[in-house]
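Listing of input_18.pdb; format and content: PDB, C-alpha atoms.
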MODEL        1
ATOM      1  CA  MET M   1       0.000   0.000   0.000  1.00  0.00           C
ATOM      2  CA  LYS M   2       1.252   3.483  -0.854  1.00  0.00           C
ATOM      3  CA  THR M   3       0.547   5.907   1.967  1.00  0.00           C
ATOM      4  CA  GLY M   4       0.994   9.667   1.875  1.00  0.00           C
ATOM      5  CA  LEU M   5       1.889  11.447   5.117  1.00  0.00           C
ATOM      6  CA  PHE M   6       0.553  14.990   5.158  1.00  0.00           C
ATOM      7  CA  GLY M   7       1.360  16.759   8.404  1.00  0.00           C
ATOM      8  CA  GLY M   8       0.552  20.261   9.530  1.00  0.00           C
ATOM      9  CA  THR M   9      -0.763  22.471  12.273  1.00  0.00           C
ATOM     10  CA  PHE M  10      -3.987  22.837  10.231  1.00  0.00           C
ATOM     11  CA  ASP M  11      -4.962  26.016  12.075  1.00  0.00           C
ATOM     12  CA  PRO M  12      -7.373  25.782  10.322  1.00  0.00           C
ATOM     13  CA  ILE M  13      -7.331  23.154   7.585  1.00  0.00           C
ATOM     14  CA  HIS M  14      -8.536  24.690   4.301  1.00  0.00           C
ATOM     15  CA  ASN M  15      -9.450  23.859   0.714  1.00  0.00           C
ATOM     16  CA  ALA M  16      -5.897  24.202  -0.585  1.00  0.00           C
ATOM     17  CA  HIS M  17      -4.792  21.418   1.780  1.00  0.00           C
ATOM     18  CA  ILE M  18      -7.520  19.171   0.385  1.00  0.00           C
ATOM     19  CA  ALA M  19      -6.772  20.075  -3.236  1.00  0.00           C
ATOM     20  CA  LEU M  20      -3.070  19.428  -2.777  1.00  0.00           C
ATOM     21  CA  ALA M  21      -3.665  16.027  -1.191  1.00  0.00           C
ATOM     22  CA  ARG M  22      -5.950  15.067  -4.076  1.00  0.00           C
ATOM     23  CA  LYS M  23      -3.267  16.129  -6.564  1.00  0.00           C
ATOM     24  CA  VAL M  24      -0.510  14.125  -4.868  1.00  0.00           C
ATOM     25  CA  MET M  25      -2.791  11.120  -4.442  1.00  0.00           C
ATOM     26  CA  LYS M  26      -3.613  11.125  -8.151  1.00  0.00           C
ATOM     27  CA  ASP M  27      -0.115  11.861  -9.469  1.00  0.00           C
ATOM     28  CA  LEU M  28       1.644   9.277  -7.288  1.00  0.00           C
ATOM     29  CA  GLU M  29      -1.228   6.760  -7.276  1.00  0.00           C
ATOM     30  CA  LEU M  30      -1.457   6.693  -3.505  1.00  0.00           C
ATOM     31  CA  ASP M  31      -3.894   4.362  -1.775  1.00  0.00           C
ATOM     32  CA  ARG M  32      -4.454   6.738   1.117  1.00  0.00           C
ATOM     33  CA  VAL M  33      -3.291   9.982   2.682  1.00  0.00           C
ATOM     34  CA  LEU M  34      -2.918  10.373   6.437  1.00  0.00           C
ATOM     35  CA  PHE M  35      -3.648  13.922   7.614  1.00  0.00           C
ATOM     36  CA  ILE M  36      -1.382  14.199  10.659  1.00  0.00           C
ATOM     37  CA  THR M  37      -2.349  17.009  13.011  1.00  0.00           C
ATOM     38  CA  SER M  38       0.753  18.316  14.742  1.00  0.00           C
ATOM     39  CA  GLY M  39       0.874  18.556  18.492  1.00  0.00           C
ATOM     40  CA  ASP M  40       3.709  20.861  19.510  1.00  0.00           C
ATOM     41  CA  PRO M  41       5.874  21.423  16.425  1.00  0.00           C
ATOM     42  CA  PRO M  42       9.276  22.658  17.678  1.00  0.00           C
ATOM     43  CA  HIS M  43       9.446  25.387  15.000  1.00  0.00           C
ATOM     44  CA  LYS M  44       6.022  26.828  15.935  1.00  0.00           C
ATOM     45  CA  ILE M  45       5.947  26.769  19.701  1.00  0.00           C
ATOM     46  CA  GLY M  46       3.325  29.185  20.985  1.00  0.00           C
ATOM     47  CA  SER M  47       2.102  30.120  17.515  1.00  0.00           C
ATOM     48  CA  THR M  48      -0.979  27.909  17.176  1.00  0.00           C
ATOM     49  CA  THR M  49      -4.309  29.536  17.968  1.00  0.00           C
ATOM     50  CA  LEU M  50      -6.400  26.472  18.768  1.00  0.00           C
ATOM     51  CA  SER M  51      -5.617  23.409  20.845  1.00  0.00           C
ATOM     52  CA  ALA M  52      -4.361  20.328  19.033  1.00  0.00           C
ATOM     53  CA  GLU M  53      -7.610  18.519  19.835  1.00  0.00           C
ATOM     54  CA  VAL M  54      -9.768  21.215  18.213  1.00  0.00           C
ATOM     55  CA  ARG M  55      -7.488  21.484  15.179  1.00  0.00           C
ATOM     56  CA  HIS M  56      -7.719  17.715  14.773  1.00  0.00           C
ATOM     57  CA  LYS M  57     -11.509  17.876  15.040  1.00  0.00           C
ATOM     58  CA  LEU M  58     -11.503  20.294  12.096  1.00  0.00           C
ATOM     59  CA  VAL M  59      -9.311  17.867  10.132  1.00  0.00           C
ATOM     60  CA  CYS M  60     -11.759  15.035  10.839  1.00  0.00           C
ATOM     61  CA  ILE M  61     -14.632  17.152   9.547  1.00  0.00           C
ATOM     62  CA  ALA M  62     -12.711  18.235   6.440  1.00  0.00           C
ATOM     63  CA  VAL M  63     -11.795  14.730   5.271  1.00  0.00           C
ATOM     64  CA  GLU M  64     -14.846  12.720   6.365  1.00  0.00           C
ATOM     65  CA  ASN M  65     -16.280  12.534   2.827  1.00  0.00           C
ATOM     66  CA  GLU M  66     -12.967  12.161   0.981  1.00  0.00           C
ATOM     67  CA  ASP M  67     -12.108   8.629  -0.159  1.00  0.00           C
ATOM     68  CA  GLY M  68      -8.700   7.560   1.084  1.00  0.00           C
ATOM     69  CA  PHE M  69      -8.184  10.583   3.351  1.00  0.00           C
ATOM     70  CA  ILE M  70      -7.664   9.532   6.967  1.00  0.00           C
ATOM     71  CA  PRO M  71      -7.228  11.792  10.027  1.00  0.00           C
ATOM     72  CA  CYS M  72      -4.249  10.741  12.144  1.00  0.00           C
ATOM     73  CA  ASP M  73      -3.666  11.800  15.763  1.00  0.00           C
ATOM     74  CA  VAL M  74      -0.350  10.096  16.527  1.00  0.00           C
ATOM     75  CA  GLU M  75       1.403  13.412  17.150  1.00  0.00           C
ATOM     76  CA  ILE M  76      -1.193  14.954  19.427  1.00  0.00           C
ATOM     77  CA  LYS M  77      -1.180  11.798  21.554  1.00  0.00           C
ATOM     78  CA  ARG M  78       2.600  11.911  21.942  1.00  0.00           C
ATOM     79  CA  ASP M  79       4.222  13.751  24.820  1.00  0.00           C
ATOM     80  CA  GLY M  80       6.779  16.378  23.918  1.00  0.00           C
ATOM     81  CA  TYR M  81       7.603  17.954  20.583  1.00  0.00           C
ATOM     82  CA  SER M  82       6.178  16.599  17.311  1.00  0.00           C
ATOM     83  CA  TYR M  83       9.343  15.631  15.480  1.00  0.00           C
ATOM     84  CA  SER M  84       8.628  14.143  12.048  1.00  0.00           C
ATOM     85  CA  TYR M  85      11.298  11.492  12.597  1.00  0.00           C
ATOM     86  CA  TYR M  86       9.334   9.900  15.459  1.00  0.00           C
ATOM     87  CA  THR M  87       6.072  10.190  13.550  1.00  0.00           C
ATOM     88  CA  VAL M  88       7.432   8.298  10.547  1.00  0.00           C
ATOM     89  CA  LEU M  89       8.967   5.652  12.831  1.00  0.00           C
ATOM     90  CA  GLN M  90       5.636   5.148  14.592  1.00  0.00           C
ATOM     91  CA  ILE M  91       3.665   4.841  11.360  1.00  0.00           C
ATOM     92  CA  LYS M  92       6.249   2.394   9.960  1.00  0.00           C
ATOM     93  CA  GLU M  93       5.733   0.257  13.053  1.00  0.00           C
ATOM     94  CA  GLN M  94       1.958   0.343  12.573  1.00  0.00           C
ATOM     95  CA  ALA M  95       2.116  -0.345   8.826  1.00  0.00           C
ATOM     96  CA  PRO M  96       5.480  -2.047   8.156  1.00  0.00           C
ATOM     97  CA  ASP M  97       4.574  -3.082   4.611  1.00  0.00           C
ATOM     98  CA  ASP M  98       3.428   0.369   3.464  1.00  0.00           C
ATOM     99  CA  GLU M  99       5.466   2.532   1.117  1.00  0.00           C
ATOM    100  CA  LEU M 100       5.504   5.895   2.904  1.00  0.00           C
ATOM    101  CA  ILE M 101       5.640   9.186   1.026  1.00  0.00           C
ATOM    102  CA  PHE M 102       6.035  12.343   3.119  1.00  0.00           C
ATOM    103  CA  ILE M 103       4.250  15.363   1.585  1.00  0.00           C
ATOM    104  CA  VAL M 104       6.111  18.610   2.252  1.00  0.00           C
ATOM    105  CA  GLY M 105       6.201  22.198   1.007  1.00  0.00           C
ATOM    106  CA  GLY M 106       9.182  23.405  -0.949  1.00  0.00           C
ATOM    107  CA  ASP M 107      10.069  25.942   1.732  1.00  0.00           C
ATOM    108  CA  SER M 108      10.393  23.122   4.265  1.00  0.00           C
ATOM    109  CA  LEU M 109      12.249  20.837   1.867  1.00  0.00           C
ATOM    110  CA  SER M 110      14.869  23.550   1.374  1.00  0.00           C
ATOM    111  CA  TYR M 111      16.067  23.086   4.965  1.00  0.00           C
ATOM    112  CA  ILE M 112      14.905  19.540   5.717  1.00  0.00           C
ATOM    113  CA  ASP M 113      18.511  18.475   6.206  1.00  0.00           C
ATOM    114  CA  LYS M 114      18.432  20.613   9.390  1.00  0.00           C
ATOM    115  CA  TRP M 115      15.422  18.775  10.850  1.00  0.00           C
ATOM    116  CA  TYR M 116      15.746  16.529  13.874  1.00  0.00           C
ATOM    117  CA  ASN M 117      17.578  13.301  12.929  1.00  0.00           C
ATOM    118  CA  ALA M 118      17.469  14.395   9.297  1.00  0.00           C
ATOM    119  CA  ASP M 119      20.033  11.809   8.165  1.00  0.00           C
ATOM    120  CA  GLU M 120      17.752   8.993   9.317  1.00  0.00           C
ATOM    121  CA  LEU M 121      14.464  10.648   8.366  1.00  0.00           C
ATOM    122  CA  LEU M 122      15.595  11.127   4.769  1.00  0.00           C
ATOM    123  CA  LYS M 123      16.198   7.383   4.512  1.00  0.00           C
ATOM    124  CA  LEU M 124      13.000   6.240   6.234  1.00  0.00           C
ATOM    125  CA  CYS M 125      10.559   7.310   3.518  1.00  0.00           C
ATOM    126  CA  GLU M 126      10.193   8.962   0.143  1.00  0.00           C
ATOM    127  CA  PHE M 127       9.113  12.584  -0.249  1.00  0.00           C
ATOM    128  CA  ALA M 128       6.696  14.543  -2.420  1.00  0.00           C
ATOM    129  CA  ALA M 129       7.379  18.292  -2.516  1.00  0.00           C
ATOM    130  CA  TYR M 130       5.278  21.107  -3.931  1.00  0.00           C
ATOM    131  CA  PRO M 131       6.086  24.787  -4.681  1.00  0.00           C
ATOM    132  CA  ARG M 132       5.559  26.960  -1.619  1.00  0.00           C
ATOM    133  CA  GLY M 133       6.851  30.248  -0.338  1.00  0.00           C
ATOM    134  CA  GLN M 134       9.753  31.464  -2.448  1.00  0.00           C
ATOM    135  CA  ILE M 135      10.576  27.966  -3.746  1.00  0.00           C
ATOM    136  CA  ASP M 136       9.336  27.292  -7.276  1.00  0.00           C
ATOM    137  CA  THR M 137       9.353  24.080  -9.323  1.00  0.00           C
ATOM    138  CA  LYS M 138      12.805  24.681 -10.829  1.00  0.00           C
ATOM    139  CA  GLN M 139      14.349  25.224  -7.397  1.00  0.00           C
ATOM    140  CA  LEU M 140      12.532  22.168  -6.052  1.00  0.00           C
ATOM    141  CA  LEU M 141      14.059  19.965  -8.743  1.00  0.00           C
ATOM    142  CA  GLU M 142      17.518  21.231  -7.777  1.00  0.00           C
ATOM    143  CA  ILE M 143      16.884  20.640  -4.057  1.00  0.00           C
ATOM    144  CA  ALA M 144      15.501  17.147  -4.738  1.00  0.00           C
ATOM    145  CA  ASP M 145      18.536  16.280  -6.847  1.00  0.00           C
ATOM    146  CA  ASP M 146      20.890  17.498  -4.109  1.00  0.00           C
ATOM    147  CA  LEU M 147      19.097  15.431  -1.429  1.00  0.00           C
ATOM    148  CA  ASN M 148      19.264  12.368  -3.644  1.00  0.00           C
ATOM    149  CA  LYS M 149      23.018  12.772  -4.119  1.00  0.00           C
ATOM    150  CA  ARG M 150      23.731  13.453  -0.445  1.00  0.00           C
ATOM    151  CA  PHE M 151      21.294  11.088   1.265  1.00  0.00           C
ATOM    152  CA  GLY M 152      19.916   8.778  -1.427  1.00  0.00           C
ATOM    153  CA  THR M 153      16.523  10.390  -0.901  1.00  0.00           C
ATOM    154  CA  VAL M 154      13.732   9.758  -3.403  1.00  0.00           C
ATOM    155  CA  CYS M 155      11.830  13.025  -3.802  1.00  0.00           C
ATOM    156  CA  TYR M 156       8.984  13.559  -6.251  1.00  0.00           C
ATOM    157  CA  VAL M 157       8.275  17.117  -7.345  1.00  0.00           C
ATOM    158  CA  ILE M 158       4.596  17.975  -7.692  1.00  0.00           C
ATOM    159  CA  ASP M 159       4.377  20.554 -10.458  1.00  0.00           C
ATOM    160  CA  GLU M 160       1.624  22.673  -8.988  1.00  0.00           C
ATOM    161  CA  PRO M 161       1.378  26.473  -8.628  1.00  0.00           C
ATOM    162  CA  CYS M 162       2.182  27.882  -5.208  1.00  0.00           C
ATOM    163  CA  ILE M 163      -0.793  27.731  -2.877  1.00  0.00           C
ATOM    164  CA  ASP M 164      -2.151  31.230  -2.391  1.00  0.00           C
ATOM    165  CA  ILE M 165      -4.285  30.404   0.647  1.00  0.00           C
ATOM    166  CA  SER M 166      -2.679  30.505   4.061  1.00  0.00           C
ATOM    167  CA  SER M 167      -4.070  29.574   7.445  1.00  0.00           C
ATOM    168  CA  THR M 168      -2.755  32.897   8.758  1.00  0.00           C
ATOM    169  CA  MET M 169      -4.816  34.761   6.172  1.00  0.00           C
ATOM    170  CA  LEU M 170      -7.912  32.757   7.082  1.00  0.00           C
ATOM    171  CA  ARG M 171      -7.480  33.309  10.812  1.00  0.00           C
ATOM    172  CA  GLU M 172      -7.296  37.047  10.221  1.00  0.00           C
ATOM    173  CA  GLY M 173     -10.318  36.920   7.944  1.00  0.00           C
ATOM    174  CA  LEU M 174     -12.347  34.982  10.508  1.00  0.00           C
ATOM    175  CA  GLN M 175     -11.366  37.440  13.245  1.00  0.00           C
ATOM    176  CA  ASN M 176     -12.470  40.335  11.046  1.00  0.00           C
ATOM    177  CA  GLY M 177     -15.734  38.710  10.016  1.00  0.00           C
ATOM    178  CA  ASP M 178     -14.702  38.466   6.338  1.00  0.00           C
ATOM    179  CA  ASP M 179     -16.429  36.102   3.915  1.00  0.00           C
ATOM    180  CA  VAL M 180     -14.067  33.092   3.694  1.00  0.00           C
ATOM    181  CA  ARG M 181     -16.567  30.497   2.472  1.00  0.00           C
ATOM    182  CA  ARG M 182     -14.658  29.747  -0.731  1.00  0.00           C
ATOM    183  CA  TYR M 183     -11.515  28.855   1.207  1.00  0.00           C
ATOM    184  CA  LEU M 184     -12.882  26.415   3.800  1.00  0.00           C
ATOM    185  CA  PRO M 185     -14.759  23.101   3.626  1.00  0.00           C
ATOM    186  CA  THR M 186     -18.403  23.777   4.482  1.00  0.00           C
ATOM    187  CA  GLY M 187     -18.420  21.580   7.583  1.00  0.00           C
ATOM    188  CA  VAL M 188     -15.236  23.200   8.889  1.00  0.00           C
ATOM    189  CA  LEU M 189     -16.658  26.711   8.545  1.00  0.00           C
ATOM    190  CA  GLU M 190     -19.918  25.650  10.212  1.00  0.00           C
ATOM    191  CA  TYR M 191     -18.014  24.186  13.178  1.00  0.00           C
ATOM    192  CA  ILE M 192     -15.841  27.295  13.475  1.00  0.00           C
ATOM    193  CA  ASN M 193     -18.880  29.584  13.471  1.00  0.00           C
ATOM    194  CA  LYS M 194     -20.919  27.404  15.808  1.00  0.00           C
ATOM    195  CA  ASN M 195     -18.138  27.346  18.390  1.00  0.00           C
ATOM    196  CA  ASN M 196     -16.967  30.946  17.892  1.00  0.00           C
ATOM    197  CA  LEU M 197     -13.430  29.842  17.057  1.00  0.00           C
ATOM    198  CA  TYR M 198     -10.833  32.457  16.127  1.00  0.00           C
ATOM    199  CA  LYS M 199     -12.935  35.215  17.668  1.00  0.00           C
ATOM    200  CA  ASN M 200     -11.072  37.676  19.872  1.00  0.00           C
ATOM    201  CA  LYS M 201      -7.982  35.492  19.949  1.00  0.00           C
TER     202      LYS M 201
ENDMDL
END

Could you render the structure as structure tokens?
Amino acid sequence: MKTGLFGGTFDPIHNAHIALARKVMKDLELDRVLFITSGDPPHKIGSTTLSAEVRHKLVCIAVENEDGFIPCDVEIKRDGYSYSYYTVLQIKEQAPDDELIFIVGGDSLSYIDKWYNADELLKLCEFAAYPRGQIDTKQLLEIADDLNKRFGTVCYVIDEPCIDISSTMLREGLQNGDDVRRYLPTGVLEYINKNNLYKNK
């Protein structure tokens, strides 16, 4: 089974996340994609607005009608920081026969060799990277080639335009009462409104 690992703070999860996962699933012929809600990512300490449990609830709502999309809470159940290395190890233990493909933005891929236990992480699974931030497709191909030469990493480049929706933008829009319906799954927006999330935060 080919399994995509799509991690994030998802604060909140939005339509671009869903569209990207569909694209990777189709291009790489994945059987499933695990949406892994981060607990305490070491590079974003203190920056999340909602608790991990509420962010994960939004993920569950967003993917409930998507075939092959599965919410995963391994990181929010783990004590301490959410290092990707431990997450991949845990999923490999749970599904030892799966081919794991870690989905990551180009901005993150550009410094992935600085991540915790990067040498081991880059050998544990394959990667699928997409343009994000200042990293375009051409730069991604160069980064992927460099990682392959240095670590033997298999990295697929998803030729997709940079995502122009950000969770930061949506949080600000929700705080200001802007119309963000086109950016969020319907069920996610309904839950946010019903529970007054992102108000006066």

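With distances restricted to only C-alpha atoms, M:Thr37 is the closest residue to Ser51 (chain M) from M:Gln90, M:Ser84, M:Asn196, M:Thr37.
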
For Tyr83 (chain M), which of M:Pro96, M:Asn117, M:Ile101, M:Thr153 is the closest residue, counting all atoms listed in the file?
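Among the listed residues, M:Asn117 lies closest to Tyr83 (chain M).
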
*asked:* Please compute the CA of Cys125 (chain M)-CA of Leu58 (chain M) distance, one decimal, in Å.
replied: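 Spanning CA of Cys125 (chain M) to CA of Leu58 (chain M) is a straight-line distance of 27.0 Å.
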
Which residue out of M:Leu124, M:Leu174, M:Ala52, M:Ala62 has the minimum interatomic distance to Ala16 (chain M) when all atoms listed in the file are used?
->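 Closest residue, counting all atoms listed in the file: M:Ala62.
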
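Nearest residue to Phe6 (chain M), choosing from M:Asp113, M:Val88, M:Leu50, M:Ile61 and counting only C-alpha atoms: M:Val88.
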
Residue with the minimum atom-to-atom distance to Gly39 (chain M), picked from M:Gly177, M:Gly133, M:Pro185, M:Gly7 with all atoms listed in the file counted, is M:Gly7

Can you list, as JSON, numbers by chain, the residues that the PyMOL selection byres ((chain M and resi 86) around 12) selects here?
{"M": [74, 75, 78, 79, 80, 81, 82, 83, 84, 85, 87, 88, 89, 90, 91, 92, 93, 115, 116, 117, 118, 120, 121, 124]}

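Distance check against Gly173 (chain M) using only C-alpha atoms: of M:Arg132, M:Val63, M:Tyr156, M:Leu197, the minimum falls on M:Leu197.
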
| task | Given the file shown, determine the residues that the PyMOL selection byres ((chain M and resi 73) around 8) selects; report them as a VMD selection string. | result | chain M and resid 36 to 38 56 71 to 72 74 to 77

Residues from the last selection, C-alpha atoms, saved as a CSV table (one decimal), in the frame of the given file:
chain,number,residue,atom,x,y,z
M,36,ILE,CA,-1.4,14.2,10.7
M,37,THR,CA,-2.3,17.0,13.0
M,38,SER,CA,0.8,18.3,14.7
M,56,HIS,CA,-7.7,17.7,14.8
M,71,PRO,CA,-7.2,11.8,10.0
M,72,CYS,CA,-4.2,10.7,12.1
M,74,VAL,CA,-0.4,10.1,16.5
M,75,GLU,CA,1.4,13.4,17.2
M,76,ILE,CA,-1.2,15.0,19.4
M,77,LYS,CA,-1.2,11.8,21.6

Check: Where does the PyMOL selection byres ((chain M and resi 4) around 9) land in this file, that is, which residues does it pick, as number ranges by chain?
Finding: M: 2-3, 5-6, 21, 24-25, 30-35, 99-103, 127-128

Between CA of Gly106 (chain M) and CA of Ile143 (chain M) - distance in Å to one decimal: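 Separation of CA of Ile143 (chain M) and CA of Gly106 (chain M): 8.8 Å.
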
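The spacing separating CA of Val188 (chain M) from CA of Met1 (chain M) amounts to 29.1 Å.
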